[in-house]
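Student: Next comes the structure file work.txt, holding compact mmCIF, C-alpha atoms.
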# COMPACT_ATOMS: atom_id res chain seq x y z
CA MET R 29 90.26 79.91 69.33
CA THR R 30 89.16 83.49 69.73
CA SER R 31 87.37 84.91 72.71
CA ASP R 32 84.71 87.58 72.65
CA PRO R 33 86.31 90.69 74.18
CA SER R 34 82.88 92.04 75.10
CA ALA R 35 81.93 88.94 77.10
CA SER R 36 81.98 89.48 80.83
CA ILE R 37 84.12 87.29 83.05
CA PRO R 38 82.68 86.38 86.46
CA GLY R 39 84.19 88.49 89.22
CA PHE R 40 85.74 91.04 86.89
CA ALA R 41 84.34 94.48 86.16
CA ARG R 42 83.95 95.18 82.46
CA THR R 43 85.31 98.70 82.31
CA PRO R 44 85.73 100.99 79.29
CA GLU R 45 89.00 102.47 78.05
CA PRO R 46 90.57 104.77 80.68
CA PRO R 47 90.28 107.35 82.04
CA TYR R 48 87.66 106.48 84.65
CA TYR R 49 87.69 106.36 88.43
CA ALA R 50 88.14 103.68 91.07
CA VAL R 51 87.15 103.59 94.74
CA ILE R 52 89.48 101.17 96.53
CA PHE R 53 87.92 100.11 99.84
CA THR R 54 90.18 97.94 102.02
CA SER R 55 88.75 96.65 105.28
CA THR R 56 88.98 94.23 108.14
CA ARG R 57 85.76 93.09 109.78
CA THR R 58 84.82 92.95 113.43
CA GLY R 59 83.27 89.72 114.67
CA ILE R 60 79.82 91.32 114.50
CA ASP R 61 77.67 89.95 111.67
CA GLU R 62 74.32 91.56 112.55
CA GLY R 63 72.82 92.35 109.17
CA TYR R 64 76.18 92.73 107.46
CA GLN R 65 75.69 90.39 104.50
CA ALA R 66 72.25 91.70 103.60
CA VAL R 67 73.37 95.32 103.78
CA ALA R 68 76.55 94.62 101.80
CA GLU R 69 74.53 92.96 99.02
CA ARG R 70 71.97 95.77 99.09
CA MET R 71 74.77 98.35 98.71
CA VAL R 72 76.15 96.57 95.63
CA LEU R 73 72.65 96.54 94.13
CA LEU R 74 72.11 100.23 94.91
CA ALA R 75 75.56 101.19 93.62
CA SER R 76 74.89 99.39 90.35
CA GLN R 77 71.77 101.53 89.89
CA GLN R 78 73.64 104.81 90.42
CA PRO R 79 74.46 107.01 87.42
CA GLY R 80 78.08 106.55 86.38
CA PHE R 81 78.57 103.10 87.93
CA LEU R 82 80.84 100.93 85.76
CA GLY R 83 81.36 97.79 87.81
CA VAL R 84 82.78 96.30 90.98
CA GLU R 85 85.37 93.69 91.99
CA SER R 86 85.28 92.41 95.55
CA THR R 87 86.91 89.70 97.61
CA ARG R 88 87.69 88.83 101.22
CA GLY R 89 90.39 86.35 102.18
CA GLY R 90 90.52 83.77 104.92
CA GLU R 91 92.65 86.07 107.04
CA GLY R 92 89.86 88.64 107.04
CA LEU R 93 91.22 91.34 104.76
CA GLY R 94 88.66 92.52 102.22
CA ILE R 95 89.26 94.62 99.13
CA THR R 96 86.40 96.04 97.09
CA VAL R 97 87.12 98.17 94.05
CA SER R 98 84.20 99.95 92.42
CA TYR R 99 84.58 101.77 89.12
CA TRP R 100 82.88 105.01 88.11
CA THR R 101 82.76 107.40 85.19
CA SER R 102 83.62 110.51 87.21
CA LEU R 103 84.34 112.01 90.62
CA GLU R 104 80.84 113.50 90.53
CA ALA R 105 79.34 110.01 90.22
CA ILE R 106 81.40 108.89 93.23
CA ALA R 107 80.33 111.92 95.26
CA ALA R 108 76.67 111.28 94.40
CA TRP R 109 77.00 107.65 95.50
CA LYS R 110 78.68 108.70 98.74
CA ALA R 111 75.80 111.08 99.45
CA GLN R 112 73.05 108.61 98.48
CA GLY R 113 70.62 108.39 101.41
CA GLU R 114 70.53 104.69 102.18
CA HIS R 115 74.26 104.34 101.53
CA ARG R 116 74.94 107.21 103.93
CA LEU R 117 72.84 105.49 106.58
CA ALA R 118 74.72 102.21 106.07
CA GLN R 119 78.03 104.02 106.40
CA ALA R 120 76.94 105.80 109.58
CA SER R 121 75.51 102.75 111.30
CA GLY R 122 77.73 100.10 109.84
CA HIS R 123 81.28 101.32 109.67
CA GLY R 124 81.83 101.38 113.41
CA LYS R 125 80.00 98.12 114.00
CA TRP R 126 81.11 95.92 111.09
CA TYR R 127 84.57 97.20 110.30
CA GLN R 128 87.54 97.01 112.58
CA HIS R 129 89.47 99.25 110.24
CA PHE R 130 89.04 100.52 106.72
CA GLU R 131 90.77 102.70 104.16
CA THR R 132 89.07 104.33 101.22
CA ARG R 133 91.11 105.62 98.30
CA ILE R 134 89.73 107.43 95.30
CA ALA R 135 91.87 107.10 92.20
CA ARG R 136 91.83 107.97 88.53
CA VAL R 137 92.53 104.95 86.35
CA GLU R 138 94.95 105.98 83.63
CA ARG R 139 95.94 102.68 82.03
CA ALA R 140 94.44 99.21 81.98
CA TYR R 141 95.39 95.92 80.38
CA GLY R 142 94.38 92.33 80.86
CA GLY R 143 94.97 88.78 79.85
CA PRO R 144 95.24 86.07 78.83
CA ASN R 145 91.67 86.25 77.55
CA ARG R 146 92.28 89.57 75.89
CA GLY R 147 95.32 91.73 75.23
CA MET U 23 92.02 105.80 124.36
CA THR U 24 94.03 107.30 121.54
CA SER U 25 95.69 105.37 118.75
CA ASP U 26 99.01 106.15 117.15
CA PRO U 27 98.24 107.30 113.60
CA SER U 28 101.70 106.29 112.48
CA ALA U 29 101.30 102.71 113.73
CA SER U 30 100.85 100.22 110.94
CA ILE U 31 97.79 97.97 110.88
CA PRO U 32 98.33 94.41 109.66
CA GLY U 33 97.17 93.97 106.07
CA PHE U 34 96.92 97.69 105.35
CA ALA U 35 99.48 99.73 103.43
CA ARG U 36 100.61 102.82 105.27
CA THR U 37 100.52 105.34 102.48
CA PRO U 38 101.35 109.07 102.58
CA GLU U 39 98.99 111.90 101.72
CA PRO U 40 97.87 111.72 98.06
CA PRO U 41 98.75 112.04 95.29
CA TYR U 42 100.49 108.73 94.72
CA TYR U 43 99.83 105.77 92.41
CA ALA U 44 98.11 102.40 92.72
CA VAL U 45 98.44 99.25 90.63
CA ILE U 46 95.21 97.28 90.98
CA PHE U 47 95.79 93.66 89.95
CA THR U 48 92.64 91.52 89.87
CA SER U 49 93.04 87.85 89.02
CA THR U 50 91.58 84.39 89.02
CA ARG U 51 93.94 81.46 89.36
CA THR U 52 94.20 78.30 87.34
CA GLY U 53 94.39 75.03 89.24
CA ILE U 54 98.17 74.94 88.71
CA ASP U 55 100.17 75.64 91.85
CA GLU U 56 103.68 74.79 90.61
CA GLY U 57 105.87 77.32 92.38
CA TYR U 58 103.13 79.93 92.62
CA GLN U 59 103.30 80.70 96.34
CA ALA U 60 107.08 81.01 96.46
CA VAL U 61 107.17 83.28 93.41
CA ALA U 62 104.29 85.41 94.71
CA GLU U 63 106.09 85.93 98.02
CA ARG U 64 109.38 86.64 96.25
CA MET U 65 107.66 89.26 94.08
CA VAL U 66 106.28 91.05 97.15
CA LEU U 67 109.77 91.04 98.67
CA LEU U 68 111.35 92.35 95.46
CA ALA U 69 108.66 95.00 95.01
CA SER U 70 109.22 96.26 98.54
CA GLN U 71 112.88 96.80 97.70
CA GLN U 72 112.12 98.84 94.56
CA PRO U 73 112.55 102.63 94.67
CA GLY U 74 109.19 104.33 95.10
CA PHE U 75 107.36 101.36 96.64
CA LEU U 76 104.89 102.53 99.31
CA GLY U 77 103.07 99.37 100.33
CA VAL U 78 100.75 96.59 99.25
CA GLU U 79 97.33 95.19 100.17
CA SER U 80 96.45 91.73 98.92
CA THR U 81 93.71 89.17 99.44
CA ARG U 82 92.13 86.18 97.70
CA GLY U 83 88.66 84.95 98.57
CA GLY U 84 87.24 81.47 98.80
CA GLU U 85 85.69 81.82 95.35
CA GLY U 86 89.12 82.36 93.86
CA LEU U 87 89.08 86.07 93.00
CA GLY U 88 92.25 87.82 94.11
CA ILE U 89 92.87 91.55 94.37
CA THR U 90 96.34 92.96 95.03
CA VAL U 91 96.83 96.71 95.20
CA SER U 92 100.39 98.00 95.34
CA TYR U 93 101.13 101.66 95.97
CA TRP U 94 103.93 103.70 94.41
CA THR U 95 105.25 107.24 94.44
CA SER U 96 105.17 107.71 90.66
CA LEU U 97 104.44 106.21 87.26
CA GLU U 98 108.20 105.99 86.74
CA ALA U 99 108.52 103.77 89.82
CA ILE U 100 105.76 101.50 88.46
CA ALA U 101 107.43 101.33 85.04
CA ALA U 102 110.76 100.42 86.67
CA TRP U 103 109.07 97.66 88.67
CA LYS U 104 107.35 96.33 85.57
CA ALA U 105 110.71 96.20 83.78
CA GLN U 106 112.64 94.64 86.69
CA GLY U 107 114.35 91.50 85.39
CA GLU U 108 113.11 88.82 87.74
CA HIS U 109 109.62 90.33 87.82
CA ARG U 110 109.54 90.32 84.04
CA LEU U 111 110.50 86.68 84.01
CA ALA U 112 107.78 85.83 86.54
CA GLN U 113 105.22 87.68 84.42
CA ALA U 114 106.32 85.92 81.24
CA SER U 115 106.40 82.43 82.71
CA GLY U 116 103.68 82.77 85.29
CA HIS U 117 100.81 84.73 83.89
CA GLY U 118 99.72 82.10 81.43
CA LYS U 119 100.27 79.22 83.82
CA TRP U 120 98.99 80.54 87.14
CA TYR U 121 96.29 82.99 86.12
CA GLN U 122 93.11 82.11 84.36
CA HIS U 123 92.42 85.77 83.82
CA PHE U 124 93.78 89.05 85.13
CA GLU U 125 93.27 92.76 84.81
CA THR U 126 95.87 95.37 85.69
CA ARG U 127 94.85 98.96 86.22
CA ILE U 128 97.20 101.82 86.96
CA ALA U 129 95.57 104.69 88.81
CA ARG U 130 96.48 107.96 90.46
CA VAL U 131 95.17 108.14 94.03
CA GLU U 132 93.69 111.55 94.56
CA ARG U 133 91.94 111.25 97.93
CA ALA U 134 92.22 108.86 100.86
CA TYR U 135 90.53 108.54 104.22
CA GLY U 136 90.24 105.83 106.81
CA GLY U 137 88.64 104.79 110.04
CA PRO U 138 87.68 104.19 112.70
CA ASN U 139 91.27 104.07 113.93
CA ARG U 140 92.05 107.41 112.36
CA GLY U 141 90.01 110.11 110.65
Spit out the file's structure as structure tokens when you get a sec.
Tutor:
Amino acid sequence: MTSDPSASIPGFARTPEPPYYAVIFTSTRTGIDEGYQAVAERMVLLASQQPGFLGVESTRGGEGLGITVSYWTSLEAIAAWKAQGEHRLAQASGHGKWYQHFETRIARVERAYGGPNRG
Amino acid sequence: MTSDPSASIPGFARTPEPPYYAVIFTSTRTGIDEGYQAVAERMVLLASQQPGFLGVESTRGGEGLGITVSYWTSLEAIAAWKAQGEHRLAQASGHGKWYQHFETRIARVERAYGGPNRG
């Protein structure tokens, strides 16, 4: 049985051959929900409309730690997304309210491999 | 109130100034549990004893998507960890059994910033 390597798998970003860039956003939430879910979903929608967006993988465990990795063609695309008006506003108003702590790391993906659906 | 920037925050890896390297491992699990938790914990312990290990952030959400990011000083340290005997065995026996799908990406962290506990 062969699988279609171009088919997308729910939850996984379908990224091209490296190099490309990743923004690793690790966070813990405060107890404040006030608009969080709607804004988080809106940010994913906006990000996906930005030039250079490749995909996103995101999860939050029962113990409250969340990791979101978004993938981009270039550092310029990441900088443009960071500066995007509505995103900037969400960062300014939201980061202190919704996040107890967060770390953002910008990294250049140099190798990638997956399985078992594809080598 | 000031916070100690060297204090570690539960769930977060305390990484040095970039550059350093990240292994982003995104996965979905099969329904098979057989030894998974014990091996997963053992792998974190073994990794943390490897030369060049800097830390790890790991979470799995209710919908089953897991993201584990481990941080390393160099590509050589990552290669040595990949080749480590017991880890190799766990990969060989476990990846087909425990993971429905996974993606591994190796990336060079170029910038990092956090908050609100530190700038």
Student: Between U:Ala101, U:Ala44, U:Ala60, U:Leu111, which residue has the minimum interatomic distance to chain R, considering all atoms listed in the file?
Tutor: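 Checking each of U:Ala101, U:Ala44, U:Ala60, U:Leu111 against chain R, counting all atoms listed in the file, the winner is U:Ala44.
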Student: Go ahead and align chain U to chain R (same sequence, so just pair every C-alpha in order, least squares) and export the moved chain as a compact mmCIF listing (two decimals) with C-alpha atoms, keeping the file's coordinate frame.
Tutor:
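That gives us out38.txt:
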# COMPACT_ATOMS: atom_id res chain seq x y z
CA MET U 23 89.96 79.59 69.51
CA THR U 24 89.01 83.23 69.84
CA SER U 25 87.28 84.80 72.80
CA ASP U 26 84.69 87.53 72.69
CA PRO U 27 86.34 90.63 74.18
CA SER U 28 82.96 92.03 75.11
CA ALA U 29 81.97 88.93 77.10
CA SER U 30 82.02 89.50 80.82
CA ILE U 31 84.16 87.29 83.05
CA PRO U 32 82.69 86.39 86.44
CA GLY U 33 84.19 88.49 89.22
CA PHE U 34 85.74 91.05 86.89
CA ALA U 35 84.32 94.49 86.15
CA ARG U 36 83.98 95.20 82.46
CA THR U 37 85.32 98.71 82.32
CA PRO U 38 85.74 101.01 79.29
CA GLU U 39 89.00 102.49 78.06
CA PRO U 40 90.56 104.81 80.68
CA PRO U 41 90.28 107.38 82.05
CA TYR U 42 87.67 106.51 84.65
CA TYR U 43 87.69 106.38 88.46
CA ALA U 44 88.15 103.69 91.09
CA VAL U 45 87.15 103.61 94.75
CA ILE U 46 89.47 101.19 96.54
CA PHE U 47 87.91 100.12 99.85
CA THR U 48 90.17 97.95 102.02
CA SER U 49 88.74 96.66 105.28
CA THR U 50 88.98 94.24 108.14
CA ARG U 51 85.77 93.09 109.78
CA THR U 52 84.82 92.93 113.41
CA GLY U 53 83.28 89.71 114.67
CA ILE U 54 79.81 91.28 114.47
CA ASP U 55 77.68 89.94 111.65
CA GLU U 56 74.33 91.54 112.52
CA GLY U 57 72.83 92.33 109.13
CA TYR U 58 76.19 92.73 107.43
CA GLN U 59 75.70 90.39 104.47
CA ALA U 60 72.25 91.70 103.57
CA VAL U 61 73.39 95.33 103.75
CA ALA U 62 76.56 94.61 101.77
CA GLU U 63 74.53 92.97 99.00
CA ARG U 64 71.97 95.78 99.06
CA MET U 65 74.76 98.35 98.71
CA VAL U 66 76.15 96.58 95.63
CA LEU U 67 72.65 96.55 94.13
CA LEU U 68 72.11 100.24 94.91
CA ALA U 69 75.55 101.20 93.60
CA SER U 70 74.88 99.41 90.33
CA GLN U 71 71.77 101.54 89.87
CA GLN U 72 73.64 104.83 90.42
CA PRO U 73 74.45 107.02 87.41
CA GLY U 74 78.07 106.56 86.37
CA PHE U 75 78.57 103.12 87.95
CA LEU U 76 80.83 100.95 85.77
CA GLY U 77 81.34 97.81 87.81
CA VAL U 78 82.77 96.31 90.97
CA GLU U 79 85.37 93.71 91.99
CA SER U 80 85.26 92.43 95.55
CA THR U 81 86.90 89.70 97.60
CA ARG U 82 87.68 88.83 101.22
CA GLY U 83 90.38 86.35 102.15
CA GLY U 84 90.54 83.75 104.88
CA GLU U 85 92.64 86.07 107.03
CA GLY U 86 89.85 88.62 107.02
CA LEU U 87 91.23 91.35 104.75
CA GLY U 88 88.66 92.52 102.22
CA ILE U 89 89.26 94.62 99.12
CA THR U 90 86.37 96.04 97.09
CA VAL U 91 87.11 98.18 94.05
CA SER U 92 84.18 99.96 92.42
CA TYR U 93 84.58 101.78 89.13
CA TRP U 94 82.88 105.02 88.12
CA THR U 95 82.79 107.42 85.20
CA SER U 96 83.61 110.54 87.24
CA LEU U 97 84.34 112.04 90.64
CA GLU U 98 80.84 113.53 90.54
CA ALA U 99 79.34 110.04 90.24
CA ILE U 100 81.39 108.90 93.25
CA ALA U 101 80.32 111.94 95.28
CA ALA U 102 76.66 111.27 94.41
CA TRP U 103 77.02 107.65 95.52
CA LYS U 104 78.68 108.70 98.75
CA ALA U 105 75.79 111.07 99.45
CA GLN U 106 73.03 108.61 98.50
CA GLY U 107 70.62 108.38 101.43
CA GLU U 108 70.53 104.68 102.18
CA HIS U 109 74.27 104.34 101.53
CA ARG U 110 74.93 107.18 103.94
CA LEU U 111 72.86 105.47 106.57
CA ALA U 112 74.72 102.18 106.05
CA GLN U 113 78.04 104.01 106.39
CA ALA U 114 76.95 105.79 109.56
CA SER U 115 75.51 102.73 111.27
CA GLY U 116 77.75 100.08 109.81
CA HIS U 117 81.28 101.32 109.66
CA GLY U 118 81.83 101.35 113.38
CA LYS U 119 80.01 98.09 113.97
CA TRP U 120 81.11 95.90 111.08
CA TYR U 121 84.59 97.18 110.29
CA GLN U 122 87.54 96.99 112.57
CA HIS U 123 89.46 99.24 110.24
CA PHE U 124 89.05 100.53 106.71
CA GLU U 125 90.78 102.70 104.17
CA THR U 126 89.06 104.34 101.22
CA ARG U 127 91.09 105.63 98.32
CA ILE U 128 89.71 107.44 95.31
CA ALA U 129 91.88 107.13 92.22
CA ARG U 130 91.83 108.01 88.55
CA VAL U 131 92.55 104.98 86.37
CA GLU U 132 94.95 106.01 83.68
CA ARG U 133 95.96 102.72 82.06
CA ALA U 134 94.46 99.24 81.98
CA TYR U 135 95.40 95.95 80.37
CA GLY U 136 94.39 92.36 80.84
CA GLY U 137 95.03 88.81 79.85
CA PRO U 138 95.32 86.14 78.78
CA ASN U 139 91.74 86.30 77.53
CA ARG U 140 92.34 89.62 75.86
CA GLY U 141 95.39 91.78 75.21
Student: Hey, could you make a per-residue contact list for chain R against chain U with 10 Å as the cut-off, showing the nearest pair of atoms and its distance in Å to one decimal, counting only C-alpha atoms, sorted by chain and number, as a Markdown table?
Tutor:
| residue | atom | partner | partner_atom | distance |
| --- | --- | --- | --- | --- |
| R:Ile37 | CA | U:His123 | CA | 8.5 |
| R:Pro38 | CA | U:Leu87 | CA | 9.2 |
| R:Gly39 | CA | U:Leu87 | CA | 6.6 |
| R:Phe40 | CA | U:Thr48 | CA | 7.5 |
| R:Ala41 | CA | U:Glu125 | CA | 9.2 |
| R:Arg42 | CA | U:Glu125 | CA | 9.9 |
| R:Pro46 | CA | U:Arg127 | CA | 9.1 |
| R:Pro47 | CA | U:Ala129 | CA | 9.0 |
| R:Tyr48 | CA | U:Ala129 | CA | 9.1 |
| R:Tyr49 | CA | U:Ala129 | CA | 8.1 |
| R:Ala50 | CA | U:Ala129 | CA | 7.8 |
| R:Val51 | CA | U:Val131 | CA | 9.2 |
| R:Ile52 | CA | U:Val91 | CA | 8.7 |
| R:Phe53 | CA | U:Gly136 | CA | 9.3 |
| R:Thr54 | CA | U:Phe34 | CA | 7.5 |
| R:Ser55 | CA | U:Phe34 | CA | 8.2 |
| R:Thr56 | CA | U:Gly33 | CA | 8.5 |
| R:Glu85 | CA | U:Thr48 | CA | 7.9 |
| R:Ser86 | CA | U:Ile89 | CA | 7.7 |
| R:Thr87 | CA | U:Gly83 | CA | 5.2 |
| R:Arg88 | CA | U:Gly83 | CA | 4.8 |
| R:Gly89 | CA | U:Gly83 | CA | 4.2 |
| R:Gly90 | CA | U:Gly83 | CA | 6.7 |
| R:Glu91 | CA | U:Thr81 | CA | 8.3 |
| R:Gly92 | CA | U:Thr81 | CA | 8.5 |
| R:Leu93 | CA | U:Thr81 | CA | 6.3 |
| R:Gly94 | CA | U:Thr81 | CA | 6.7 |
| R:Ile95 | CA | U:Ile89 | CA | 6.7 |
| R:Thr96 | CA | U:Ile89 | CA | 8.3 |
| R:Val97 | CA | U:Ile46 | CA | 8.7 |
| R:His123 | CA | U:Pro138 | CA | 7.6 |
| R:Gly124 | CA | U:Pro138 | CA | 6.5 |
| R:Lys125 | CA | U:Pro138 | CA | 9.9 |
| R:Tyr127 | CA | U:Pro138 | CA | 8.0 |
| R:Gln128 | CA | U:Pro138 | CA | 7.2 |
| R:His129 | CA | U:Gly137 | CA | 5.6 |
| R:Phe130 | CA | U:Gly137 | CA | 5.4 |
| R:Glu131 | CA | U:Gly136 | CA | 4.1 |
| R:Thr132 | CA | U:Tyr135 | CA | 5.4 |
| R:Arg133 | CA | U:Ala134 | CA | 4.3 |
| R:Ile134 | CA | U:Arg133 | CA | 5.1 |
| R:Ala135 | CA | U:Val131 | CA | 3.9 |
| R:Arg136 | CA | U:Ala129 | CA | 5.0 |
| R:Val137 | CA | U:Ala129 | CA | 3.9 |
| R:Glu138 | CA | U:Ala129 | CA | 5.4 |
| R:Arg139 | CA | U:Ile128 | CA | 5.2 |
| R:Ala140 | CA | U:Arg127 | CA | 4.3 |
| R:Tyr141 | CA | U:Thr126 | CA | 5.4 |
| R:Gly142 | CA | U:Glu125 | CA | 4.1 |
| R:Gly143 | CA | U:Phe124 | CA | 5.4 |
| R:Pro144 | CA | U:His123 | CA | 5.7 |
| R:Asn145 | CA | U:His123 | CA | 6.3 |
| R:Arg146 | CA | U:His123 | CA | 8.8 |
| R:Gly147 | CA | U:Glu125 | CA | 9.9 |
Student: With distances taken over only C-alpha atoms, which of U:Ser30, U:Gln106, U:Gln59, U:Ser96 is nearest to Gln71 of chain U?
Tutor: U:Gln106
Student: Give me the residues near Gly83 of chain R as a list in words, where near means some atom within 8 Å (using all atoms listed in the file) and where sequence neighbours in that chain fewer than 6 positions away do not count.
Tutor: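 Here the answer would be Ala41, Arg42, Thr43, Ser76, Ser98, Tyr99 and Trp100 of chain R.
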Student: For a test of reading the model, state the distance in Å between atom CA of Pro38 of chain U and atom CA of Arg116 of chain R, rounded to one decimal.
Tutor: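 A separation of 26.5 Å between them.
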Student: If you measure from atom CA of Trp126 of chain R to atom CA of Phe81 of chain R, what distance in Å do you get, rounded to one decimal?
Tutor: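 Result for atom CA of Trp126 of chain R versus atom CA of Phe81 of chain R: 24.4 Å, one decimal.
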Student: To one decimal in Å, tell me the separation between atom CA of Gln119 of chain R and atom CA of Asp61 of chain R.
Tutor: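 Going from atom CA of Gln119 of chain R over to atom CA of Asp61 of chain R covers 15.0 Å.
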Student: Using all atoms listed in the file, which of U:Ile100, U:Val61, U:Val66, U:Ala105 sits nearest Val78 of chain U?
Tutor: U:Val66
Student: Could I get segment 89-97 of chain U rebuilt with all heavy atoms, written as a PDB file, in the frame of the given file?
Tutor:
ATOM      1  N   ILE U  89      92.596  90.148  94.668  1.00  0.00           N
ATOM      2  CA  ILE U  89      92.870  91.550  94.370  1.00  0.00           C
ATOM      3  C   ILE U  89      94.131  91.945  95.133  1.00  0.00           C
ATOM      4  O   ILE U  89      94.210  91.759  96.348  1.00  0.00           O
ATOM      5  CB  ILE U  89      91.700  92.479  94.747  1.00  0.00           C
ATOM      6  CG1 ILE U  89      90.410  92.064  94.037  1.00  0.00           C
ATOM      7  CG2 ILE U  89      92.041  93.939  94.411  1.00  0.00           C
ATOM      8  CD1 ILE U  89      89.181  92.901  94.394  1.00  0.00           C
ATOM      9  N   THR U  90      95.116  92.432  94.415  1.00  0.00           N
ATOM     10  CA  THR U  90      96.340  92.960  95.030  1.00  0.00           C
ATOM     11  C   THR U  90      96.480  94.404  94.575  1.00  0.00           C
ATOM     12  O   THR U  90      96.452  94.687  93.379  1.00  0.00           O
ATOM     13  CB  THR U  90      97.571  92.154  94.575  1.00  0.00           C
ATOM     14  OG1 THR U  90      97.436  90.812  95.057  1.00  0.00           O
ATOM     15  CG2 THR U  90      98.863  92.760  95.126  1.00  0.00           C
ATOM     16  N   VAL U  91      96.600  95.303  95.538  1.00  0.00           N
ATOM     17  CA  VAL U  91      96.830  96.710  95.200  1.00  0.00           C
ATOM     18  C   VAL U  91      98.189  97.101  95.757  1.00  0.00           C
ATOM     19  O   VAL U  91      98.418  97.010  96.963  1.00  0.00           O
ATOM     20  CB  VAL U  91      95.737  97.636  95.776  1.00  0.00           C
ATOM     21  CG1 VAL U  91      95.878  99.040  95.183  1.00  0.00           C
ATOM     22  CG2 VAL U  91      94.342  97.096  95.500  1.00  0.00           C
ATOM     23  N   SER U  92      99.104  97.487  94.876  1.00  0.00           N
ATOM     24  CA  SER U  92     100.390  98.000  95.340  1.00  0.00           C
ATOM     25  C   SER U  92     100.414  99.511  95.102  1.00  0.00           C
ATOM     26  O   SER U  92      99.782 100.018  94.172  1.00  0.00           O
ATOM     27  CB  SER U  92     101.556  97.306  94.650  1.00  0.00           C
ATOM     28  OG  SER U  92     101.489  97.462  93.254  1.00  0.00           O
ATOM     29  N   TYR U  93     101.115 100.197  95.997  1.00  0.00           N
ATOM     30  CA  TYR U  93     101.130 101.660  95.970  1.00  0.00           C
ATOM     31  C   TYR U  93     102.543 102.153  95.718  1.00  0.00           C
ATOM     32  O   TYR U  93     103.514 101.604  96.267  1.00  0.00           O
ATOM     33  CB  TYR U  93     100.596 102.209  97.298  1.00  0.00           C
ATOM     34  CG  TYR U  93      99.176 101.783  97.568  1.00  0.00           C
ATOM     35  CD1 TYR U  93      98.891 100.722  98.421  1.00  0.00           C
ATOM     36  CD2 TYR U  93      98.106 102.418  96.939  1.00  0.00           C
ATOM     37  CE1 TYR U  93      97.586 100.305  98.660  1.00  0.00           C
ATOM     38  CE2 TYR U  93      96.799 102.008  97.159  1.00  0.00           C
ATOM     39  CZ  TYR U  93      96.539 100.957  98.019  1.00  0.00           C
ATOM     40  OH  TYR U  93      95.249 100.541  98.232  1.00  0.00           O
ATOM     41  N   TRP U  94     102.650 103.201  94.899  1.00  0.00           N
ATOM     42  CA  TRP U  94     103.930 103.700  94.410  1.00  0.00           C
ATOM     43  C   TRP U  94     103.939 105.224  94.374  1.00  0.00           C
ATOM     44  O   TRP U  94     102.894 105.848  94.245  1.00  0.00           O
ATOM     45  CB  TRP U  94     104.162 103.156  92.991  1.00  0.00           C
ATOM     46  CG  TRP U  94     104.115 101.663  92.910  1.00  0.00           C
ATOM     47  CD1 TRP U  94     102.990 100.875  92.787  1.00  0.00           C
ATOM     48  CD2 TRP U  94     105.218 100.751  93.017  1.00  0.00           C
ATOM     49  NE1 TRP U  94     103.352  99.544  92.795  1.00  0.00           N
ATOM     50  CE2 TRP U  94     104.712  99.444  92.927  1.00  0.00           C
ATOM     51  CE3 TRP U  94     106.598 100.940  93.160  1.00  0.00           C
ATOM     52  CZ2 TRP U  94     105.532  98.309  92.983  1.00  0.00           C
ATOM     53  CZ3 TRP U  94     107.414  99.812  93.210  1.00  0.00           C
ATOM     54  CH2 TRP U  94     106.875  98.512  93.121  1.00  0.00           C
ATOM     55  N   THR U  95     105.145 105.773  94.451  1.00  0.00           N
ATOM     56  CA  THR U  95     105.250 107.240  94.440  1.00  0.00           C
ATOM     57  C   THR U  95     104.967 107.851  93.078  1.00  0.00           C
ATOM     58  O   THR U  95     104.530 108.999  93.001  1.00  0.00           O
ATOM     59  CB  THR U  95     106.681 107.671  94.847  1.00  0.00           C
ATOM     60  OG1 THR U  95     107.613 106.983  94.002  1.00  0.00           O
ATOM     61  CG2 THR U  95     106.962 107.353  96.308  1.00  0.00           C
ATOM     62  N   SER U  96     105.252 107.106  92.002  1.00  0.00           N
ATOM     63  CA  SER U  96     105.170 107.710  90.660  1.00  0.00           C
ATOM     64  C   SER U  96     104.959 106.657  89.580  1.00  0.00           C
ATOM     65  O   SER U  96     105.181 105.461  89.799  1.00  0.00           O
ATOM     66  CB  SER U  96     106.472 108.463  90.359  1.00  0.00           C
ATOM     67  OG  SER U  96     107.527 107.522  90.237  1.00  0.00           O
ATOM     68  N   LEU U  97     104.571 107.108  88.406  1.00  0.00           N
ATOM     69  CA  LEU U  97     104.440 106.210  87.260  1.00  0.00           C
ATOM     70  C   LEU U  97     105.804 105.648  86.860  1.00  0.00           C
ATOM     71  O   LEU U  97     105.904 104.505  86.404  1.00  0.00           O
ATOM     72  CB  LEU U  97     103.833 106.962  86.063  1.00  0.00           C
ATOM     73  CG  LEU U  97     102.344 107.306  86.185  1.00  0.00           C
ATOM     74  CD1 LEU U  97     101.900 108.138  84.988  1.00  0.00           C
ATOM     75  CD2 LEU U  97     101.500 106.028  86.276  1.00  0.00           C
TER      76      LEU U  97
END
